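Participant: Hey, dropping my_file-v6.txt in here, compact mmCIF, C-alpha atoms and all ligand atoms:
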# COMPACT_ATOMS: atom_id res chain seq x y z
CA MET A 1417 34.94 -26.75 -28.57
CA GLU A 1418 32.79 -28.21 -31.31
CA ARG A 1419 31.23 -26.16 -34.04
CA SER A 1420 27.70 -26.57 -32.64
CA GLU A 1421 28.89 -25.41 -29.21
CA ARG A 1422 30.55 -22.35 -30.75
CA THR A 1423 27.29 -21.58 -32.57
CA VAL A 1424 25.25 -21.82 -29.35
CA VAL A 1425 27.73 -19.57 -27.47
CA ALA A 1426 27.76 -17.05 -30.34
CA VAL A 1427 23.95 -16.95 -30.49
CA GLY A 1428 23.81 -16.50 -26.70
CA ILE A 1429 26.31 -13.66 -26.70
CA GLY A 1430 24.68 -12.07 -29.75
CA THR A 1431 21.26 -12.16 -28.05
CA MET A 1432 22.68 -10.48 -24.92
CA VAL A 1433 24.34 -7.78 -27.03
CA VAL A 1434 21.05 -7.10 -28.87
CA PHE A 1435 19.08 -6.94 -25.59
CA PHE A 1436 21.64 -4.63 -23.98
CA ALA A 1437 21.58 -2.36 -27.04
CA LEU A 1438 17.75 -2.24 -26.91
CA VAL A 1439 17.80 -1.33 -23.20
CA LEU A 1440 20.30 1.46 -23.92
CA LEU A 1441 18.21 2.68 -26.86
CA LEU A 1442 14.97 2.72 -24.82
CA ALA A 1443 16.64 4.41 -21.84
CA THR A 1444 18.39 7.11 -23.85
CA GLY A 1445 16.51 7.50 -27.13
CA PHE A 1446 12.95 7.01 -25.86
CA ARG A 1447 13.52 7.95 -22.21
CA VAL A 1448 11.81 4.79 -20.96
CA ASP A 1449 12.44 4.54 -17.25
CA VAL A 1450 11.18 2.61 -14.28
CA PRO A 1451 8.95 4.67 -12.00
CA GLY A 1452 10.68 6.00 -8.94
CA CYS A 1453 10.29 8.44 -6.12
CA ILE A 1454 10.57 12.14 -6.87
CA THR A 1455 12.06 14.59 -4.46
CA GLU A 1456 10.83 17.95 -5.76
CA VAL A 1457 7.27 17.31 -4.50
CA LYS A 1458 6.67 17.05 -0.76
CA PRO A 1459 4.25 14.38 0.48
CA PHE A 1460 0.70 15.73 0.62
CA GLU A 1461 -2.31 14.83 2.74
CA ARG A 1462 -5.27 15.45 0.46
CA ASP A 1463 -6.50 13.73 -2.66
CA THR A 1464 -7.01 16.27 -5.41
CA VAL A 1465 -7.55 16.38 -9.13
CA PHE A 1466 -7.31 19.50 -11.22
CA GLN A 1467 -7.01 20.56 -14.82
CA VAL A 1468 -3.72 22.10 -15.91
CA ALA A 1469 -4.56 22.72 -19.56
CA GLU A 1470 -6.82 21.30 -22.22
CA LYS A 1471 -6.72 17.51 -21.83
CA ARG A 1472 -3.96 17.82 -19.22
CA TYR A 1473 -4.69 16.92 -15.62
CA GLU A 1474 -2.91 16.41 -12.34
CA LEU A 1475 -4.08 13.74 -9.92
CA HIS A 1476 -2.79 13.58 -6.36
CA VAL A 1477 -3.61 10.36 -4.56
CA VAL A 1478 -3.08 9.46 -0.91
CA ALA A 1479 -3.34 5.70 -0.47
CA ARG A 1480 -4.80 4.67 2.89
CA MET A 1481 -5.85 1.46 4.55
CA TRP A 1482 -7.88 0.28 2.65
CA ALA A 1483 -9.15 2.57 -0.02
CA TYR A 1484 -8.25 5.17 -2.58
CA GLN A 1485 -10.37 8.07 -1.38
CA MET A 1486 -9.74 10.27 -4.38
CA PRO A 1487 -12.62 12.33 -5.71
CA ALA A 1488 -14.71 10.95 -8.58
CA VAL A 1489 -12.18 11.00 -11.37
CA GLU A 1490 -13.38 11.45 -14.92
CA PHE A 1491 -11.22 12.51 -17.84
CA PRO A 1492 -12.01 13.03 -21.50
CA ALA A 1493 -10.49 10.47 -23.86
CA GLY A 1494 -7.08 11.56 -25.08
CA SER A 1495 -6.18 13.19 -21.76
CA THR A 1496 -2.70 13.09 -20.32
CA VAL A 1497 -2.63 12.78 -16.54
CA ASP A 1498 0.30 13.38 -14.20
CA ILE A 1499 -0.18 11.11 -11.20
CA TYR A 1500 1.45 11.86 -7.85
CA LEU A 1501 1.06 9.14 -5.25
CA THR A 1502 1.87 8.93 -1.57
CA SER A 1503 0.68 6.89 1.39
CA ALA A 1504 -0.78 7.93 4.74
CA ASP A 1505 0.10 4.74 6.58
CA VAL A 1506 1.77 1.65 5.11
CA ILE A 1507 3.12 0.63 1.72
CA HIS A 1508 0.40 0.24 -0.92
CA GLY A 1509 0.39 -0.53 -4.60
CA PHE A 1510 -1.27 1.45 -7.38
CA HIS A 1511 -1.84 -0.31 -10.65
CA ILE A 1512 -4.19 1.14 -13.25
CA ASP A 1513 -5.59 -1.66 -15.36
CA ARG A 1514 -5.02 -1.42 -19.15
CA THR A 1515 -2.18 1.09 -18.66
CA ASN A 1516 1.49 0.77 -17.77
CA VAL A 1517 1.01 2.66 -14.49
CA ASN A 1518 2.29 0.47 -11.68
CA LEU A 1519 3.52 2.43 -8.66
CA MET A 1520 4.26 1.83 -5.02
CA ALA A 1521 2.88 4.24 -2.43
CA VAL A 1522 5.50 4.56 0.28
CA PRO A 1523 4.82 6.74 3.35
CA GLY A 1524 6.91 9.91 3.34
CA THR A 1525 7.70 9.73 -0.37
CA VAL A 1526 5.98 10.71 -3.61
CA ALA A 1527 5.89 8.44 -6.65
CA TYR A 1528 5.12 9.82 -10.09
CA ALA A 1529 3.82 8.50 -13.37
CA GLN A 1530 2.34 10.03 -16.47
CA VAL A 1531 -0.35 8.28 -18.43
CA ARG A 1532 -2.39 9.05 -21.53
CA PHE A 1533 -5.89 7.62 -21.69
CA HIS A 1534 -6.52 6.96 -25.38
CA GLU A 1535 -9.81 5.09 -25.11
CA ALA A 1536 -13.02 5.78 -23.22
CA GLY A 1537 -14.02 3.31 -20.54
CA GLU A 1538 -13.44 2.37 -16.93
CA TYR A 1539 -9.89 1.88 -15.72
CA PRO A 1540 -9.90 -0.07 -12.45
CA ILE A 1541 -7.17 0.62 -9.90
CA VAL A 1542 -5.93 -2.14 -7.64
CA CYS A 1543 -3.55 -2.24 -4.71
CA HIS A 1544 -0.94 -4.87 -5.49
CA GLU A 1545 1.07 -4.72 -2.25
CA TYR A 1546 -0.24 -6.64 0.72
CA CYS A 1547 -1.18 -3.85 3.14
CA GLY A 1548 -3.24 -5.49 5.82
CA ILE A 1549 -6.53 -7.21 6.48
CA GLY A 1550 -8.50 -5.11 3.98
CA HIS A 1551 -5.96 -5.32 1.15
CA GLN A 1552 -8.20 -7.33 -1.18
CA GLN A 1553 -10.93 -4.66 -1.14
CA MET A 1554 -8.60 -1.75 -1.88
CA LEU A 1555 -9.87 -0.68 -5.27
CA GLY A 1556 -10.53 2.48 -7.23
CA VAL A 1557 -11.61 3.50 -10.69
CA ILE A 1558 -10.86 6.16 -13.25
CA ARG A 1559 -13.55 6.90 -15.80
CA VAL A 1560 -12.61 8.09 -19.25
CA VAL A 1561 -15.41 9.53 -21.36
CA GLN A 1562 -15.65 10.47 -25.03
CU1 LIG B 1 -3.30 -1.24 -0.06
CU2 LIG B 1 -2.91 -3.55 -0.47
Could you write out this file's structure as structure tokens?
Ligand code: CUA
Facilitator:
Amino acid sequence: MERSERTVVAVGIGTMVVFFALVLLLATGFRVDVPGCITEVKPFERDTVFQVAEKRYELHVVARMWAYQMPAVEFPAGSTVDIYLTSADVIHGFHIDRTNVNLMAVPGTVAYAQVRFHEAGEYPIVCHEYCGIGHQQMLGVIRVVQ
């Protein structure tokens, strides 16, 4: 093997080691995890939003063909919101624009994400899983006020 080849192989292996170490660090040190289903909450049938403490909220969303029928959702800026998501019919998506919330609503299961809304404004929600003929109009919005 030539010197240049050894260099390329070493850089490749070194890059993989650095990436693997970063994944381990994020998963253990910062508890960064992919969203998944939770088992301690049973699937629910109603959309609700309620305040748990100052600037802490819980939002329960039931995705349905082809709308998010949650109540008008408005949070003060700086709020932390626990989102619980399920589906009444087929698999839907739930992506809140300008956040890292990107969940799948699967019938019979509950998905969970926590998000902090730092800035005031409108945060559109889109369904990103093809769920039938009305998929493209399945939208929602969260309003964050000062
Ligand atoms: Cu719901 Cu696509």
Participant: Measuring between all atoms listed in the file, which one of A:Gly1445, A:Gly1524, A:Gly1509, A:Gly1537 shows the shortest distance to ligand LIG 1 (chain B)?
Facilitator: A:Gly1509
Participant: Kindly work out which residues sit at most 6 Å from ligand LIG 1 (chain B), using all atoms listed in the file, and give the list as a count of residues only.
Facilitator: 11
Participant: Go through A:Tyr1500, A:Phe1533, A:Phe1510, A:Tyr1528 one by one, measure the shortest atom-to-atom distance of each to Arg1480 (chain A) using only C-alpha atoms, and give the residue with the smallest value.
Facilitator: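 With only C-alpha atoms as the atom set, the closest residue is A:Phe1510.
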Participant: Kindly indicate which residue among A:Cys1453, A:Pro1540, A:Glu1474, A:Glu1461 lies nearest to Val1522 (chain A), using all atoms listed in the file for the distances.
Facilitator: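 Ranking A:Cys1453, A:Pro1540, A:Glu1474, A:Glu1461 by distance to Val1522 (chain A), first place goes to A:Cys1453.
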Participant: If we count only C-alpha atoms, what is near Ala1493 (chain A) at a cut-off of 7 Å, once residues fewer than 5 positions away on the same chain are taken out, given as a VMD selection string?
Facilitator: chain A and resid 1533 to 1536 1560 to 1562
Participant: Go through A:Ala1437, A:Arg1419, A:Leu1501, A:Leu1442 and flag the residue nearest Thr1464 (chain A), using only C-alpha atoms for the distances.
Facilitator: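 Checking each of A:Ala1437, A:Arg1419, A:Leu1501, A:Leu1442 against Thr1464 (chain A), counting only C-alpha atoms, the winner is A:Leu1501.
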Participant: Starting from 3 Å padding per side, set up an axis-aligned box that covers all listed atoms of region 1501-1508 of chain A and hand over centre and edge lengths in Å, one decimal, as AutoDock Vina command-line options.
Facilitator:
--center_x 1.2 --center_y 4.7 --center_z 0.7 --size_x 9.9 --size_y 14.9 --size_z 17.8
Participant: Calculated over all atoms listed in the file, which of the candidates A:Ala1483, A:Val1433, A:Ala1504, A:Val1450 has the smallest distance to Arg1462 (chain A)?
Facilitator: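 Smallest distance to Arg1462 (chain A) is found for A:Ala1504.
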Participant: Taking into account all atoms listed in the file, which residue in the set A:Ile1499, A:Val1531, A:Leu1438, A:Val1448 is nearest to Val1478 (chain A)?
Facilitator: A:Ile1499
Participant: Give me the residues near Glu1470 (chain A) as a list of chain:residue names, where near means some atom within 12 Å (using all atoms listed in the file) and where sequence neighbours in that chain fewer than 3 positions away do not count.
Facilitator: A:Phe1466, A:Gln1467, A:Tyr1473, A:Glu1474, A:Phe1491, A:Pro1492, A:Ala1493, A:Gly1494, A:Ser1495, A:Thr1496, A:Val1497
Participant: Take the residues from that selection and put them in a file with C-alpha atoms, as a PDB file, in the coordinates of the input.
Facilitator:
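Final output, part-v2.pdb:
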ATOM      1  CA  PHE A1466      -7.310  19.500 -11.220  1.00  0.00           C
ATOM      2  CA  GLN A1467      -7.010  20.560 -14.820  1.00  0.00           C
ATOM      3  CA  TYR A1473      -4.690  16.920 -15.620  1.00  0.00           C
ATOM      4  CA  GLU A1474      -2.910  16.410 -12.340  1.00  0.00           C
ATOM      5  CA  PHE A1491     -11.220  12.510 -17.840  1.00  0.00           C
ATOM      6  CA  PRO A1492     -12.010  13.030 -21.500  1.00  0.00           C
ATOM      7  CA  ALA A1493     -10.490  10.470 -23.860  1.00  0.00           C
ATOM      8  CA  GLY A1494      -7.080  11.560 -25.080  1.00  0.00           C
ATOM      9  CA  SER A1495      -6.180  13.190 -21.760  1.00  0.00           C
ATOM     10  CA  THR A1496      -2.700  13.090 -20.320  1.00  0.00           C
ATOM     11  CA  VAL A1497      -2.630  12.780 -16.540  1.00  0.00           C
TER      12      VAL A1497
END
Participant: Show which residues sit within 10 Å of Met1486 (chain A), as an mmCIF file with C-alpha atoms, in the frame of the given file. Count all atoms listed in the file, and ignore same-chain residues fewer than 5 positions away.
Facilitator:
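Listing of out.cif after writing:
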data_model
loop_
_atom_site.group_PDB
_atom_site.id
_atom_site.type_symbol
_atom_site.label_atom_id
_atom_site.label_comp_id
_atom_site.auth_asym_id
_atom_site.auth_seq_id
_atom_site.Cartn_x
_atom_site.Cartn_y
_atom_site.Cartn_z
ATOM 1 C CA ARG A 1462 -5.270 15.450 0.460
ATOM 2 C CA ASP A 1463 -6.500 13.730 -2.660
ATOM 3 C CA THR A 1464 -7.010 16.270 -5.410
ATOM 4 C CA VAL A 1465 -7.550 16.380 -9.130
ATOM 5 C CA LEU A 1475 -4.080 13.740 -9.920
ATOM 6 C CA HIS A 1476 -2.790 13.580 -6.360
ATOM 7 C CA VAL A 1477 -3.610 10.360 -4.560
ATOM 8 C CA VAL A 1478 -3.080 9.460 -0.910
ATOM 9 C CA ALA A 1479 -3.340 5.700 -0.470
ATOM 10 C CA GLY A 1556 -10.530 2.480 -7.230
ATOM 11 C CA VAL A 1557 -11.610 3.500 -10.690
ATOM 12 C CA ILE A 1558 -10.860 6.160 -13.250
#
Participant: Just the number, please: distance in Å from CA of Pro1523 (chain A) to CA of Gly1550 (chain A), one decimal.
Facilitator: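 We find that CA of Pro1523 (chain A) and CA of Gly1550 (chain A) lie 17.8 Å from each other.
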Participant: What separation in Å, quoted to one decimal, exists between CA of Gln1553 (chain A) and CA of Arg1514 (chain A)?
Facilitator: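 We find that CA of Gln1553 (chain A) and CA of Arg1514 (chain A) lie 19.2 Å from each other.
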Participant: Please indicate the distance in Å from CA of Thr1515 (chain A) to CA of Gly1548 (chain A), rounded to one decimal place.
Facilitator: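 Between CA of Thr1515 (chain A) and CA of Gly1548 (chain A) the gap is 25.4 Å.
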Participant: Would you output region 1510-1524 of chain A from that structure, restricted to all heavy atoms, as a PDB file, in the first residue's frame?
Facilitator:
ATOM      1  N   PHE A1510     -46.146  14.254  12.134  1.00  0.00           N
ATOM      2  CA  PHE A1510     -46.359  15.438  12.970  1.00  0.00           C
ATOM      3  C   PHE A1510     -45.029  16.166  13.067  1.00  0.00           C
ATOM      4  O   PHE A1510     -44.180  15.834  13.885  1.00  0.00           O
ATOM      5  CB  PHE A1510     -46.849  14.998  14.356  1.00  0.00           C
ATOM      6  CG  PHE A1510     -47.271  16.122  15.259  1.00  0.00           C
ATOM      7  CD1 PHE A1510     -48.570  16.608  15.233  1.00  0.00           C
ATOM      8  CD2 PHE A1510     -46.373  16.691  16.144  1.00  0.00           C
ATOM      9  CE1 PHE A1510     -48.964  17.626  16.084  1.00  0.00           C
ATOM     10  CE2 PHE A1510     -46.760  17.709  17.002  1.00  0.00           C
ATOM     11  CZ  PHE A1510     -48.061  18.177  16.976  1.00  0.00           C
ATOM     12  N   HIS A1511     -44.866  17.121  12.184  1.00  0.00           N
ATOM     13  CA  HIS A1511     -43.627  17.904  12.209  1.00  0.00           C
ATOM     14  C   HIS A1511     -43.970  19.348  12.517  1.00  0.00           C
ATOM     15  O   HIS A1511     -44.797  19.953  11.837  1.00  0.00           O
ATOM     16  CB  HIS A1511     -42.903  17.819  10.862  1.00  0.00           C
ATOM     17  CG  HIS A1511     -41.715  18.720  10.805  1.00  0.00           C
ATOM     18  ND1 HIS A1511     -41.621  19.781   9.953  1.00  0.00           N
ATOM     19  CD2 HIS A1511     -40.577  18.726  11.551  1.00  0.00           C
ATOM     20  CE1 HIS A1511     -40.469  20.407  10.165  1.00  0.00           C
ATOM     21  NE2 HIS A1511     -39.830  19.795  11.116  1.00  0.00           N
ATOM     22  N   ILE A1512     -43.353  19.884  13.569  1.00  0.00           N
ATOM     23  CA  ILE A1512     -43.555  21.296  13.902  1.00  0.00           C
ATOM     24  C   ILE A1512     -42.409  22.077  13.282  1.00  0.00           C
ATOM     25  O   ILE A1512     -41.237  21.865  13.634  1.00  0.00           O
ATOM     26  CB  ILE A1512     -43.591  21.533  15.421  1.00  0.00           C
ATOM     27  CG1 ILE A1512     -44.648  20.637  16.071  1.00  0.00           C
ATOM     28  CG2 ILE A1512     -43.896  22.999  15.709  1.00  0.00           C
ATOM     29  CD1 ILE A1512     -44.687  20.756  17.586  1.00  0.00           C
ATOM     30  N   ASP A1513     -42.775  22.964  12.377  1.00  0.00           N
ATOM     31  CA  ASP A1513     -41.780  23.765  11.666  1.00  0.00           C
ATOM     32  C   ASP A1513     -40.947  24.584  12.663  1.00  0.00           C
ATOM     33  O   ASP A1513     -41.450  25.035  13.679  1.00  0.00           O
ATOM     34  CB  ASP A1513     -42.517  24.693  10.695  1.00  0.00           C
ATOM     35  CG  ASP A1513     -41.589  25.245   9.637  1.00  0.00           C
ATOM     36  OD1 ASP A1513     -40.557  24.607   9.360  1.00  0.00           O
ATOM     37  OD2 ASP A1513     -41.885  26.317   9.092  1.00  0.00           O
ATOM     38  N   ARG A1514     -39.698  24.780  12.362  1.00  0.00           N
ATOM     39  CA  ARG A1514     -38.738  25.565  13.149  1.00  0.00           C
ATOM     40  C   ARG A1514     -38.423  24.932  14.515  1.00  0.00           C
ATOM     41  O   ARG A1514     -37.923  25.589  15.413  1.00  0.00           O
ATOM     42  CB  ARG A1514     -39.214  27.021  13.341  1.00  0.00           C
ATOM     43  CG  ARG A1514     -39.302  27.779  12.027  1.00  0.00           C
ATOM     44  CD  ARG A1514     -39.439  29.250  12.240  1.00  0.00           C
ATOM     45  NE  ARG A1514     -40.756  29.613  12.727  1.00  0.00           N
ATOM     46  CZ  ARG A1514     -40.956  30.465  13.737  1.00  0.00           C
ATOM     47  NH1 ARG A1514     -39.950  31.033  14.334  1.00  0.00           N
ATOM     48  NH2 ARG A1514     -42.177  30.744  14.105  1.00  0.00           N
ATOM     49  N   THR A1515     -38.784  23.659  14.686  1.00  0.00           N
ATOM     50  CA  THR A1515     -38.382  22.929  15.884  1.00  0.00           C
ATOM     51  C   THR A1515     -37.801  21.583  15.433  1.00  0.00           C
ATOM     52  O   THR A1515     -37.825  21.265  14.247  1.00  0.00           O
ATOM     53  CB  THR A1515     -39.575  22.642  16.819  1.00  0.00           C
ATOM     54  OG1 THR A1515     -40.406  21.649  16.208  1.00  0.00           O
ATOM     55  CG2 THR A1515     -40.396  23.887  17.084  1.00  0.00           C
ATOM     56  N   ASN A1516     -37.321  20.795  16.381  1.00  0.00           N
ATOM     57  CA  ASN A1516     -36.842  19.467  16.014  1.00  0.00           C
ATOM     58  C   ASN A1516     -37.884  18.385  16.299  1.00  0.00           C
ATOM     59  O   ASN A1516     -37.550  17.215  16.367  1.00  0.00           O
ATOM     60  CB  ASN A1516     -35.512  19.147  16.718  1.00  0.00           C
ATOM     61  CG  ASN A1516     -35.660  19.145  18.213  1.00  0.00           C
ATOM     62  OD1 ASN A1516     -36.725  19.442  18.734  1.00  0.00           O
ATOM     63  ND2 ASN A1516     -34.595  18.815  18.916  1.00  0.00           N
ATOM     64  N   VAL A1517     -39.152  18.801  16.463  1.00  0.00           N
ATOM     65  CA  VAL A1517     -40.226  17.822  16.693  1.00  0.00           C
ATOM     66  C   VAL A1517     -40.638  17.204  15.362  1.00  0.00           C
ATOM     67  O   VAL A1517     -41.060  17.910  14.450  1.00  0.00           O
ATOM     68  CB  VAL A1517     -41.444  18.471  17.374  1.00  0.00           C
ATOM     69  CG1 VAL A1517     -42.580  17.470  17.484  1.00  0.00           C
ATOM     70  CG2 VAL A1517     -41.056  18.999  18.741  1.00  0.00           C
ATOM     71  N   ASN A1518     -40.470  15.909  15.268  1.00  0.00           N
ATOM     72  CA  ASN A1518     -40.798  15.187  14.043  1.00  0.00           C
ATOM     73  C   ASN A1518     -41.214  13.778  14.461  1.00  0.00           C
ATOM     74  O   ASN A1518     -40.379  12.902  14.663  1.00  0.00           O
ATOM     75  CB  ASN A1518     -39.567  15.155  13.134  1.00  0.00           C
ATOM     76  CG  ASN A1518     -39.882  14.588  11.780  1.00  0.00           C
ATOM     77  OD1 ASN A1518     -40.881  13.886  11.618  1.00  0.00           O
ATOM     78  ND2 ASN A1518     -39.035  14.866  10.816  1.00  0.00           N
ATOM     79  N   LEU A1519     -42.530  13.600  14.646  1.00  0.00           N
ATOM     80  CA  LEU A1519     -43.041  12.340  15.189  1.00  0.00           C
ATOM     81  C   LEU A1519     -43.901  11.619  14.171  1.00  0.00           C
ATOM     82  O   LEU A1519     -44.362  12.200  13.202  1.00  0.00           O
ATOM     83  CB  LEU A1519     -43.896  12.619  16.436  1.00  0.00           C
ATOM     84  CG  LEU A1519     -43.201  13.268  17.621  1.00  0.00           C
ATOM     85  CD1 LEU A1519     -44.224  13.690  18.658  1.00  0.00           C
ATOM     86  CD2 LEU A1519     -42.186  12.312  18.232  1.00  0.00           C
ATOM     87  N   MET A1520     -44.135  10.355  14.426  1.00  0.00           N
ATOM     88  CA  MET A1520     -45.102   9.582  13.666  1.00  0.00           C
ATOM     89  C   MET A1520     -46.249   9.217  14.584  1.00  0.00           C
ATOM     90  O   MET A1520     -46.026   8.750  15.704  1.00  0.00           O
ATOM     91  CB  MET A1520     -44.468   8.305  13.113  1.00  0.00           C
ATOM     92  CG  MET A1520     -43.678   8.554  11.847  1.00  0.00           C
ATOM     93  SD  MET A1520     -42.886   7.079  11.265  1.00  0.00           S
ATOM     94  CE  MET A1520     -44.276   6.086  10.813  1.00  0.00           C
ATOM     95  N   ALA A1521     -47.471   9.441  14.115  1.00  0.00           N
ATOM     96  CA  ALA A1521     -48.666   9.065  14.865  1.00  0.00           C
ATOM     97  C   ALA A1521     -49.119   7.708  14.370  1.00  0.00           C
ATOM     98  O   ALA A1521     -49.590   7.576  13.248  1.00  0.00           O
ATOM     99  CB  ALA A1521     -49.765  10.108  14.658  1.00  0.00           C
ATOM    100  N   VAL A1522     -48.960   6.707  15.214  1.00  0.00           N
ATOM    101  CA  VAL A1522     -49.304   5.336  14.835  1.00  0.00           C
ATOM    102  C   VAL A1522     -50.504   4.902  15.676  1.00  0.00           C
ATOM    103  O   VAL A1522     -50.475   5.043  16.910  1.00  0.00           O
ATOM    104  CB  VAL A1522     -48.106   4.393  15.083  1.00  0.00           C
ATOM    105  CG1 VAL A1522     -48.447   2.968  14.685  1.00  0.00           C
ATOM    106  CG2 VAL A1522     -46.879   4.884  14.321  1.00  0.00           C
ATOM    107  N   PRO A1523     -51.572   4.392  15.039  1.00  0.00           N
ATOM    108  CA  PRO A1523     -52.748   3.975  15.811  1.00  0.00           C
ATOM    109  C   PRO A1523     -52.368   2.963  16.899  1.00  0.00           C
ATOM    110  O   PRO A1523     -51.571   2.051  16.660  1.00  0.00           O
ATOM    111  CB  PRO A1523     -53.654   3.315  14.760  1.00  0.00           C
ATOM    112  CG  PRO A1523     -53.178   3.835  13.450  1.00  0.00           C
ATOM    113  CD  PRO A1523     -51.726   4.144  13.600  1.00  0.00           C
ATOM    114  N   GLY A1524     -52.926   3.153  18.086  1.00  0.00           N
ATOM    115  CA  GLY A1524     -52.680   2.210  19.178  1.00  0.00           C
ATOM    116  C   GLY A1524     -51.410   2.462  19.948  1.00  0.00           C
ATOM    117  O   GLY A1524     -51.112   1.732  20.891  1.00  0.00           O
TER     118      GLY A1524
END
